[in-house]
Each structure stands twice: as structure tokens, then as C-alpha cells.
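Structure data (mmCIF, C-alpha atoms) from model-v3.cif:
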```
data_target
#
loop_
_atom_site.label_atom_id
_atom_site.label_comp_id
_atom_site.auth_asym_id
_atom_site.auth_seq_id
_atom_site.Cartn_x
_atom_site.Cartn_y
_atom_site.Cartn_z
CA MET A 180 -16.51 -21.78 -12.36
CA LEU A 181 -16.94 -23.26 -8.90
CA HIS A 182 -14.76 -20.50 -7.46
CA SER A 183 -16.95 -17.92 -9.20
CA PHE A 184 -20.06 -19.56 -7.76
CA LEU A 185 -18.60 -19.49 -4.26
CA LYS A 186 -17.62 -15.85 -4.69
CA HIS A 187 -21.13 -15.02 -5.91
CA THR A 188 -22.59 -16.80 -2.90
CA ALA A 189 -20.28 -14.83 -0.63
CA VAL A 190 -21.61 -11.60 -2.11
CA LEU A 191 -25.10 -12.77 -1.27
CA ALA A 192 -23.93 -13.31 2.28
CA VAL A 193 -22.68 -9.73 2.47
CA ALA A 194 -26.06 -8.59 1.17
CA GLY A 195 -27.55 -10.55 4.07
CA ALA A 196 -26.92 -7.49 6.21
CA ALA A 197 -30.00 -5.97 4.59
CA LEU A 198 -31.96 -9.09 5.49
CA ALA A 199 -30.83 -8.74 9.08
CA LEU A 200 -32.24 -5.23 9.09
CA ALA A 201 -35.50 -6.59 7.72
CA ALA A 202 -35.67 -9.28 10.38
CA THR A 203 -35.13 -6.66 13.08
CA ALA A 204 -37.72 -4.38 11.55
CA LEU A 205 -40.34 -7.16 11.54
CA ALA A 206 -40.44 -7.05 15.31
CA ASP A 207 -41.12 -3.31 15.32
CA SER A 208 -41.97 -2.38 11.74
CA LYS A 209 -42.91 1.09 10.64
CA VAL A 210 -45.67 1.58 8.07
CA LEU A 211 -44.47 3.68 5.15
CA ALA A 212 -47.36 3.36 2.69
CA LYS A 213 -50.46 1.30 1.88
CA VAL A 214 -51.66 -0.47 -1.27
CA ASP A 215 -55.38 -1.27 -1.33
CA GLY A 216 -55.34 -1.11 2.45
CA LYS A 217 -52.30 -3.41 2.88
CA ASP A 218 -49.27 -1.99 4.69
CA ILE A 219 -45.84 -1.43 3.15
CA THR A 220 -43.35 -1.35 6.01
CA ASP A 221 -39.68 -0.57 6.42
CA ALA A 222 -39.16 -4.35 6.73
CA ASP A 223 -40.63 -4.74 3.23
CA VAL A 224 -38.30 -2.05 1.96
CA ALA A 225 -35.28 -3.76 3.54
CA LEU A 226 -36.21 -7.03 1.83
CA ALA A 227 -36.66 -5.26 -1.50
CA SER A 228 -33.30 -3.59 -1.02
CA SER A 229 -31.63 -6.97 -0.46
CA GLU A 230 -33.09 -8.07 -3.79
CA ILE A 231 -32.55 -5.08 -6.09
CA GLY A 232 -30.31 -2.78 -4.02
CA PRO A 233 -27.13 -3.67 -5.98
CA ASN A 234 -28.86 -2.40 -9.14
CA LEU A 235 -29.56 1.04 -7.67
CA GLY A 236 -26.00 2.30 -7.71
CA SER A 237 -26.72 5.21 -10.06
CA ILE A 238 -29.72 6.42 -8.05
CA PRO A 239 -29.02 9.12 -5.42
CA PRO A 240 -29.38 7.77 -1.85
CA GLU A 241 -32.20 10.20 -1.01
CA GLN A 242 -34.26 8.76 -3.91
CA ARG A 243 -33.68 5.04 -3.26
CA ASN A 244 -36.42 4.68 -0.65
CA ALA A 245 -38.99 6.01 -3.11
CA VAL A 246 -37.71 3.65 -5.84
CA LEU A 247 -37.94 0.67 -3.49
CA VAL A 248 -41.46 1.57 -2.34
CA ASN A 249 -42.52 1.97 -5.97
CA TYR A 250 -41.02 -1.45 -6.71
CA ILE A 251 -43.07 -2.98 -3.88
CA ILE A 252 -46.25 -1.23 -5.08
CA ASP A 253 -45.75 -2.62 -8.59
CA ASN A 254 -45.11 -6.10 -7.14
CA ARG A 255 -48.26 -5.96 -5.02
CA LEU A 256 -50.45 -4.73 -7.89
CA MET A 257 -49.11 -7.26 -10.38
CA SER A 258 -49.45 -10.03 -7.80
CA ALA A 259 -53.08 -9.08 -7.16
CA ALA A 260 -53.75 -8.96 -10.90
CA ALA A 261 -52.20 -12.43 -11.27
CA GLU A 262 -54.47 -13.77 -8.53
CA LYS A 263 -57.54 -12.32 -10.27
CA ALA A 264 -56.41 -13.93 -13.51
CA GLY A 265 -56.28 -17.32 -11.78
CA LEU A 266 -52.52 -17.64 -12.14
CA GLY A 267 -52.21 -18.76 -8.53
CA SER A 268 -53.15 -22.24 -9.69
CA ASP A 269 -50.94 -22.17 -12.78
CA ALA A 270 -48.99 -25.40 -13.33
CA SER A 271 -45.66 -23.62 -12.82
CA MET A 272 -46.70 -21.98 -9.54
CA ALA A 273 -45.65 -24.83 -7.28
CA ALA A 274 -42.16 -24.90 -8.81
CA ARG A 275 -41.87 -21.12 -8.51
CA LEU A 276 -42.93 -21.20 -4.85
CA GLU A 277 -40.44 -23.97 -4.11
CA TYR A 278 -37.65 -22.01 -5.80
CA TYR A 279 -38.36 -18.73 -4.01
CA LYS A 280 -38.80 -20.53 -0.69
CA ALA A 281 -35.35 -22.07 -1.17
CA ARG A 282 -33.93 -18.62 -1.96
CA ALA A 283 -35.51 -17.12 1.17
CA LEU A 284 -34.19 -19.95 3.35
CA ARG A 285 -30.77 -19.58 1.76
CA ASP A 286 -30.72 -15.89 2.61
CA LEU A 287 -31.75 -16.56 6.19
CA PHE A 288 -29.15 -19.32 6.53
CA PHE A 289 -26.40 -17.03 5.29
CA ASP A 290 -27.56 -14.26 7.57
CA LYS A 291 -27.34 -16.55 10.61
CA SER A 292 -24.50 -18.91 9.74
CA VAL A 293 -22.19 -16.77 7.62
CA ALA A 294 -22.60 -12.99 7.89
CA GLY A 295 -23.90 -13.30 11.44
CA ALA A 296 -21.01 -15.55 12.43
CA VAL A 297 -18.35 -12.96 11.54
CA LYS A 298 -17.83 -10.37 14.27
CA GLU A 299 -15.90 -7.11 14.46
CA ALA A 300 -13.57 -8.84 16.93
CA ASP A 301 -12.63 -11.28 14.15
CA ALA A 302 -11.76 -8.39 11.85
CA LYS A 303 -9.65 -6.77 14.60
CA ALA A 304 -7.81 -10.03 15.22
CA THR A 305 -7.06 -10.31 11.49
CA TYR A 306 -5.84 -6.71 11.41
CA ASP A 307 -3.62 -7.20 14.48
CA LYS A 308 -2.11 -10.32 12.91
CA LYS A 309 -1.23 -8.37 9.76
CA VAL A 310 0.38 -5.65 11.87
CA ALA A 311 2.41 -8.25 13.77
CA GLU A 312 3.60 -9.79 10.49
CA ILE A 313 5.23 -6.53 9.40
CA LYS A 314 8.90 -7.15 10.10
CA PRO A 315 11.59 -4.47 10.01
CA VAL A 316 13.76 -4.71 6.91
CA GLU A 317 17.51 -4.22 7.18
CA GLU A 318 19.39 -2.45 4.41
CA VAL A 319 23.05 -1.65 3.94
CA HIS A 320 25.01 1.04 2.12
CA ALA A 321 27.98 -0.54 0.39
CA LEU A 322 30.70 -0.04 -2.21
CA HIS A 323 31.92 -2.83 -4.47
CA ILE A 324 34.46 -3.57 -7.14
CA LEU A 325 33.63 -6.23 -9.71
CA VAL A 326 36.42 -8.10 -11.53
CA GLU A 327 36.55 -11.20 -13.71
CA LYS A 328 39.09 -13.39 -11.90
CA LYS A 329 39.73 -14.31 -8.28
CA GLU A 330 43.37 -13.37 -8.64
CA GLU A 331 42.32 -9.82 -9.49
CA ALA A 332 40.02 -9.73 -6.45
CA ASP A 333 42.81 -11.03 -4.21
CA ASP A 334 45.11 -8.32 -5.53
CA LEU A 335 42.49 -5.65 -4.77
CA VAL A 336 42.04 -6.92 -1.21
CA ALA A 337 45.82 -6.77 -0.69
CA LYS A 338 45.98 -3.20 -2.02
CA LEU A 339 43.12 -2.12 0.22
CA LYS A 340 44.78 -3.67 3.27
CA ALA A 341 47.91 -1.73 2.38
CA GLY A 342 45.93 1.52 2.48
CA GLY A 343 44.62 1.73 -1.06
CA ASP A 344 41.64 3.99 -1.77
CA PHE A 345 38.53 1.93 -2.45
CA ALA A 346 36.76 4.56 -4.58
CA ALA A 347 39.84 5.15 -6.74
CA LEU A 348 40.34 1.41 -7.30
CA ALA A 349 36.65 0.98 -8.18
CA LYS A 350 36.86 3.70 -10.82
CA GLU A 351 39.99 2.11 -12.27
CA LYS A 352 39.25 -1.62 -12.05
CA SER A 353 35.53 -2.34 -11.70
CA LYS A 354 33.72 -4.11 -14.55
CA ASP A 355 30.49 -2.62 -13.18
CA THR A 356 30.94 0.69 -14.97
CA GLY A 357 27.73 2.16 -13.53
CA SER A 358 28.76 1.94 -9.89
CA GLY A 359 32.45 2.08 -10.78
CA ALA A 360 32.10 5.65 -12.02
CA GLN A 361 30.65 6.46 -8.58
CA GLY A 362 33.58 4.92 -6.73
CA GLY A 363 31.76 1.59 -6.46
CA ASP A 364 28.83 3.14 -4.59
CA LEU A 365 25.66 1.01 -4.69
CA GLY A 366 23.68 3.15 -2.25
CA TYR A 367 21.36 1.46 0.24
CA PHE A 368 19.85 -1.90 -0.68
CA THR A 369 17.91 -4.75 0.92
CA PRO A 370 18.95 -8.42 0.69
CA ASP A 371 16.38 -9.24 -1.99
CA GLN A 372 17.78 -6.55 -4.30
CA MET A 373 21.09 -8.37 -4.77
CA VAL A 374 22.09 -11.90 -5.77
CA LYS A 375 22.32 -14.09 -2.69
CA PRO A 376 26.13 -14.58 -2.40
CA PHE A 377 26.65 -10.83 -2.66
CA ALA A 378 23.86 -9.98 -0.21
CA ASP A 379 25.00 -12.59 2.32
CA ALA A 380 28.52 -11.20 2.28
CA ALA A 381 27.50 -7.54 2.41
CA PHE A 382 25.11 -7.99 5.34
CA ALA A 383 27.67 -10.02 7.28
CA LEU A 384 30.19 -7.16 7.25
CA LYS A 385 30.72 -4.61 10.01
CA LYS A 386 30.81 -0.91 9.31
CA ASP A 387 33.86 0.07 7.17
CA GLU A 388 34.91 -3.58 6.89
CA VAL A 389 36.10 -4.95 3.54
CA SER A 390 35.11 -8.45 2.45
CA ALA A 391 37.21 -11.28 1.14
CA PRO A 392 36.59 -11.95 -2.56
CA VAL A 393 32.98 -12.99 -3.17
CA LYS A 394 31.96 -15.02 -6.25
CA SER A 395 28.61 -14.47 -7.97
CA GLU A 396 27.22 -15.17 -11.42
CA PHE A 397 28.67 -11.81 -12.52
CA GLY A 398 32.25 -12.41 -11.44
CA TRP A 399 34.27 -11.65 -8.28
CA HIS A 400 33.34 -8.85 -5.89
CA VAL A 401 35.21 -6.97 -3.23
CA ILE A 402 32.71 -5.23 -0.93
CA LYS A 403 33.04 -2.45 1.62
CA MET A 404 30.09 -1.89 3.97
CA LEU A 405 29.61 1.78 4.86
CA ASP A 406 26.41 1.70 6.92
CA LYS A 407 23.51 -0.48 8.03
CA ARG A 408 20.04 0.73 8.98
CA THR A 409 16.44 -0.41 9.40
CA LYS A 410 14.35 0.52 6.40
CA ALA A 411 11.23 2.47 7.23
CA THR A 412 8.13 0.39 6.53
CA LYS A 413 4.85 1.82 5.36
CA PRO A 414 2.32 1.54 8.22
CA LEU A 415 -1.04 -0.10 7.66
CA PRO A 416 -4.09 2.18 7.49
CA ALA A 417 -5.98 2.60 10.77
CA PHE A 418 -8.30 -0.30 11.63
CA GLU A 419 -11.45 1.80 11.24
CA ALA A 420 -10.42 2.72 7.70
CA VAL A 421 -10.18 -0.92 6.58
CA LYS A 422 -12.64 -2.61 8.97
CA ASP A 423 -15.44 -3.02 6.41
CA GLN A 424 -13.04 -4.37 3.81
CA ILE A 425 -11.70 -6.94 6.27
CA LEU A 426 -15.21 -7.92 7.39
CA ASN A 427 -16.29 -8.45 3.77
CA GLY A 428 -13.22 -10.58 3.15
CA LEU A 429 -13.93 -12.69 6.25
CA VAL A 430 -17.57 -13.13 5.23
CA GLN A 431 -16.47 -14.34 1.78
CA GLN A 432 -13.99 -16.72 3.39
CA LYS A 433 -16.66 -18.03 5.78
CA ALA A 434 -19.11 -18.43 2.89
CA GLN A 435 -16.63 -20.53 0.93
CA GLU A 436 -15.96 -22.72 3.99
CA VAL A 437 -19.68 -23.24 4.64
CA ILE A 438 -20.57 -23.97 1.01
CA SER A 439 -17.62 -26.35 0.62
CA GLY A 440 -18.70 -28.19 3.77
CA LEU A 441 -22.27 -28.46 2.51
CA HIS A 442 -21.06 -29.83 -0.83
CA LYS A 443 -18.98 -32.50 0.92
CA GLY A 444 -21.94 -33.58 3.01
CA ALA A 445 -24.35 -33.79 0.07
CA LYS A 446 -24.99 -36.44 -2.58
CA ILE A 447 -24.95 -34.52 -5.86
CA GLU A 448 -25.77 -36.38 -9.08
CA TYR A 449 -25.78 -35.05 -12.63
CA VAL A 450 -28.05 -36.81 -15.11
CA ASP A 451 -27.37 -34.53 -18.08
CA ALA A 452 -24.25 -35.60 -20.03
CA ASP A 453 -22.94 -32.05 -20.46
CA LEU A 454 -23.29 -31.39 -16.73
CA LYS A 455 -21.41 -34.60 -15.99
CA LYS A 456 -18.54 -33.37 -18.17
CA ALA A 457 -18.61 -29.98 -16.44
CA ALA A 458 -18.42 -31.70 -13.05
CA GLU A 459 -15.50 -33.86 -14.18
CA ALA A 460 -13.75 -30.68 -15.35
CA GLY A 461 -14.18 -29.14 -11.89
CA GLN A 462 -16.76 -26.60 -13.04
CA LEU A 463 -19.47 -28.03 -10.76
CA PRO A 464 -19.36 -29.46 -7.25
CA GLN A 465 -19.22 -33.24 -6.89
#
```
What is this file in C-alpha cells?
Amino acid sequence: MLHSFLKHTAVLAVAGAALALAATALADSKVLAKVDGKDITDADVALASSEIGPNLGSIPPEQRNAVLVNYIIDNRLMSAAAEKAGLGSDASMAARLEYYKARALRDLFFDKSVAGAVKEADAKATYDKKVAEIKPVEEVHALHILVEKKEEADDLVAKLKAGGDFAALAKEKSKDTGSGAQGGDLGYFTPDQMVKPFADAAFALKKDEVSAPVKSEFGWHVIKMLDKRTKATKPLPAFEAVKDQILNGLVQQKAQEVISGLHKGAKIEYVDADLKKAAEAGQLPQ
């Protein structure tokens, strides 16, 4: 639950980009419409977008501005009607104002301290680190013969040293009938594709070298390494293609760090018994 709350808060921080646009527009706002003589500016539209923008996904982009302006018009008219009806002094008004003030301050705080604290340079550094972490993977092409007893493996090694044909012996002797039918050929493989004793032995061999008997959970192996190469790794997409995704991830990470820090520095008390239980279960911050 707490994780979900932090994630939700991080999404709000990403939406803070719209608030940043609104803050910029306030300094040089453009009037888009008027309601009873009062201006509706692009700053108002940016603020409305930060509030309801996520709900406009099905509306074509060219129509969203009109929807947002209409939303502001309705807000202004209903607000004026509420004032005329004397609802400005309603008993719940003070609590509502306090709540919405806290929301506005929260949005501004996230804009400055979370979304505004994450720069493109941070995203590039994260991308470069991921690129640097991509290590080349070695793979080998090997043959093997699998037998049940060490004595059988020793006998195979002796025959191979005397000039025996590995593929023919694999077809005749190997318990691994799948590769045995192919002359013991396993194709190319990486270390993690084989059990560790087998992989360690195979990768330690030189080209065309035959191993001593190797024991694994399957029995005894005799291995011949045919080739070793560096496996081609899939390159990361270009930075520009993933920049926004990285930035969003960094903003979420920053949001979680900030919120966690604020929780630690706060004295949070739960009076309700059910909330106390939820906090003890880790569903609420303590």
C-alpha cells in the first residue's frame, strides 16, 4: 500500500511538468477567453491540464484545449453561483480551502524539489552507466560424450589420445542420445546454459583440446572444444529514444526518496484503531 502511495505521488511529480508550464505562463500569460469580464489565460489552461489532463486520453489533441477552456468556464460559473448562494461561508469551506491549499503547495513542492531536481544530464548519466554495464559474453562450440562411470570416461580419453574419432565414439557410447546422434555436437553455448562443472571445463579448454573426465550430476563427460567466440549483444536503443522513459523513472525514484525522508522527519500518529493496525502491517507510514 505504501509503495502504491509513493508510486502515485511520483506520478503527480511527473504531472508537475504541466504546473511548471503554468508557472512560466503566469509571468507572460496569454488571454484565451473571458467569463463575465474575467480572463482565462494559457496559465489557467495549464493548471487545468495538470488536474484533469490524465482523463483526456481519448480526446484528440486538437480538441483538448477547447475541453480545458470549457472546464474552466464551468468552474468559474459554478463558483460564482456558489458565492451568490452564500456558500463561501459554509461550515465546510475552511476545511476545503485548507485541503486545496495543501494540494497546491504539494504540487509546487514536487515541481521544485522532485521533477525540477531531475535533469537531462542525470538521464544521460544513467543511460551511459547501463551501456557500460553491458559486458561481452563468451560462448564456446563443443562436442561431448556422456557416460555413467569414470572408468568409461578414462577409456574414451585413452582412445581419443590414440587417434580415435570423437564423433564416432559419441554416436556409439554417449548416454546423451540427442547430441550423441550428432556426433556429440552441442553447438554454441554460454556458461549459464550448462551445469557449472561442465561449463568450467569447456571454457577452460583450448581450441581442439579434449578434456579429462568431468563429473556432473548427469554422469561423466569427455569434452572437445571446437571454437570460442564473443556472443553478439543486443545494443541499447539510442538515448533520445528512451530519454523520457529514463527521466520518468528518475523522477519516480526521486519522489520516493523525498517522501520517505519526509515521513522519517515527521511525527505521524493514528488515533483510529483500524488505521493503527494498517500502520503496524506496513500499509501506512509510521
Counting only C-alpha atoms, which residues of region 253-294 of chain A sit at most 12 Å from some atom of region 211-223 of chain A, and what is each one's closest atom pair with its distance in Å to one decimal, listed by chain and rising residue number, as JSON lines?
```
{"residue": "A:Asp253", "atom": "CA", "partner": "A:Val214", "partner_atom": "CA", "distance": 9.7}
{"residue": "A:Asn254", "atom": "CA", "partner": "A:Val214", "partner_atom": "CA", "distance": 10.4}
{"residue": "A:Arg255", "atom": "CA", "partner": "A:Val214", "partner_atom": "CA", "distance": 7.5}
{"residue": "A:Leu256", "atom": "CA", "partner": "A:Val214", "partner_atom": "CA", "distance": 8.0}
{"residue": "A:Met257", "atom": "CA", "partner": "A:Val214", "partner_atom": "CA", "distance": 11.6}
{"residue": "A:Ser258", "atom": "CA", "partner": "A:Val214", "partner_atom": "CA", "distance": 11.8}
{"residue": "A:Ala259", "atom": "CA", "partner": "A:Asp215", "partner_atom": "CA", "distance": 10.0}
```
For the residues selected in the previous step, produce a file with C-alpha atoms as a compact mmCIF listing (two decimals), in the coordinates of the input.
```txt
# COMPACT_ATOMS: atom_id res chain seq x y z
CA ASP A 253 -45.75 -2.62 -8.59
CA ASN A 254 -45.11 -6.10 -7.14
CA ARG A 255 -48.26 -5.96 -5.02
CA LEU A 256 -50.45 -4.73 -7.89
CA MET A 257 -49.11 -7.26 -10.38
CA SER A 258 -49.45 -10.03 -7.80
CA ALA A 259 -53.08 -9.08 -7.16
```
Legend entry - Best match for closeness to Leu322 (chain A) among A:Gly295, A:Gly440, A:Gly359, A:Pro370, counting only C-alpha atoms: A:Gly359
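Of the residues under consideration (A:Val248, A:Leu284, A:Val297, A:Leu454), A:Val297 shows the shortest atom-to-atom contact distance to Gln431 (chain A) when counting only C-alpha atoms.
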Legend entry - Picked residues, the PyMOL selection byres ((chain A and resi 369) around 12), as JSON, numbers by chain: {"A": [315, 316, 317, 318, 319, 320, 321, 365, 366, 367, 368, 370, 371, 372, 373, 374, 375, 377, 378, 379, 381, 382, 407, 408, 409, 410, 411]}
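For the pair CA of Ala383 (chain A) and CA of Ser395 (chain A), the interatomic distance is 15.9 Å.
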Inset, instruction - Report as number ranges by chain the full result of the PyMOL selection byres ((chain A and resi 247) around 12) when it is applied to this structure. - result: A: 211-212, 219-235, 238, 240-246, 248-254
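Distances to His323 (chain A) were evaluated for A:Phe289, A:Tyr278, A:Tyr449, A:Phe345 using all atoms listed in the file, and the minimum falls at A:Phe345.
Remark: for Ala346 (chain A), the closest of the candidate residues A:Ile402, A:Ala417, A:Asp301, A:Lys314 is A:Ile402 (distances computed over all atoms listed in the file).
What separates CA of Asp307 (chain A) from CA of Val293 (chain A) is a distance of 22.0 Å.
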For this file, the PyMOL selection byres ((chain A and resi 418) around 9) selects which residues, as a CSV table (one decimal) with C-alpha atoms, in the frame of the given file?
```
chain,number,residue,atom,x,y,z
A,302,ALA,CA,-11.8,-8.4,11.8
A,303,LYS,CA,-9.6,-6.8,14.6
A,306,TYR,CA,-5.8,-6.7,11.4
A,307,ASP,CA,-3.6,-7.2,14.5
A,415,LEU,CA,-1.0,-0.1,7.7
A,416,PRO,CA,-4.1,2.2,7.5
A,417,ALA,CA,-6.0,2.6,10.8
A,419,GLU,CA,-11.4,1.8,11.2
A,420,ALA,CA,-10.4,2.7,7.7
A,421,VAL,CA,-10.2,-0.9,6.6
A,422,LYS,CA,-12.6,-2.6,9.0
```
Give the padded box for region 252-266 of chain A as AutoDock Vina command-line options: axis-aligned, covering all atoms listed in the file, 8 Å on each side, centre and edge lengths in Å to one decimal.
```
--center_x -51.3 --center_y -9.4 --center_z -9.3 --size_x 28.4 --size_y 32.4 --size_z 24.5
```
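Shortest separation to Asp334 (chain A) among A:Ala360, A:Leu441, A:Ala283, A:Ala391 occurs at residue A:Ala391, atoms counted being only C-alpha atoms.
Checking A:Ala337, A:Leu429, A:Val326, A:Ala270 one by one against Lys394 (chain A), counting all atoms listed in the file, you find the shortest gap at A:Val326.
Picture a line from CA of Lys328 (chain A) to CA of Ala347 (chain A); it runs 19.3 Å.
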Inset, instruction - With a distance cut-off of 9 Å and all atoms listed in the file, select the neighbouring residues of region 443-448 of chain A, excluding the residue or stretch itself and same-chain residues fewer than 6 positions from it, and output the selection as JSON, numbers by chain. - result: {"A": [455, 464, 465]}
Inset, instruction - Skip Ala332 (chain A) itself and residues of its chain fewer than 4 positions away, then list as a PyMOL selection string all residues within 12 Å of it, counting all atoms listed in the file. - result: chain A and resi 323-328+336-339+348-349+352-354+389-394+398-402
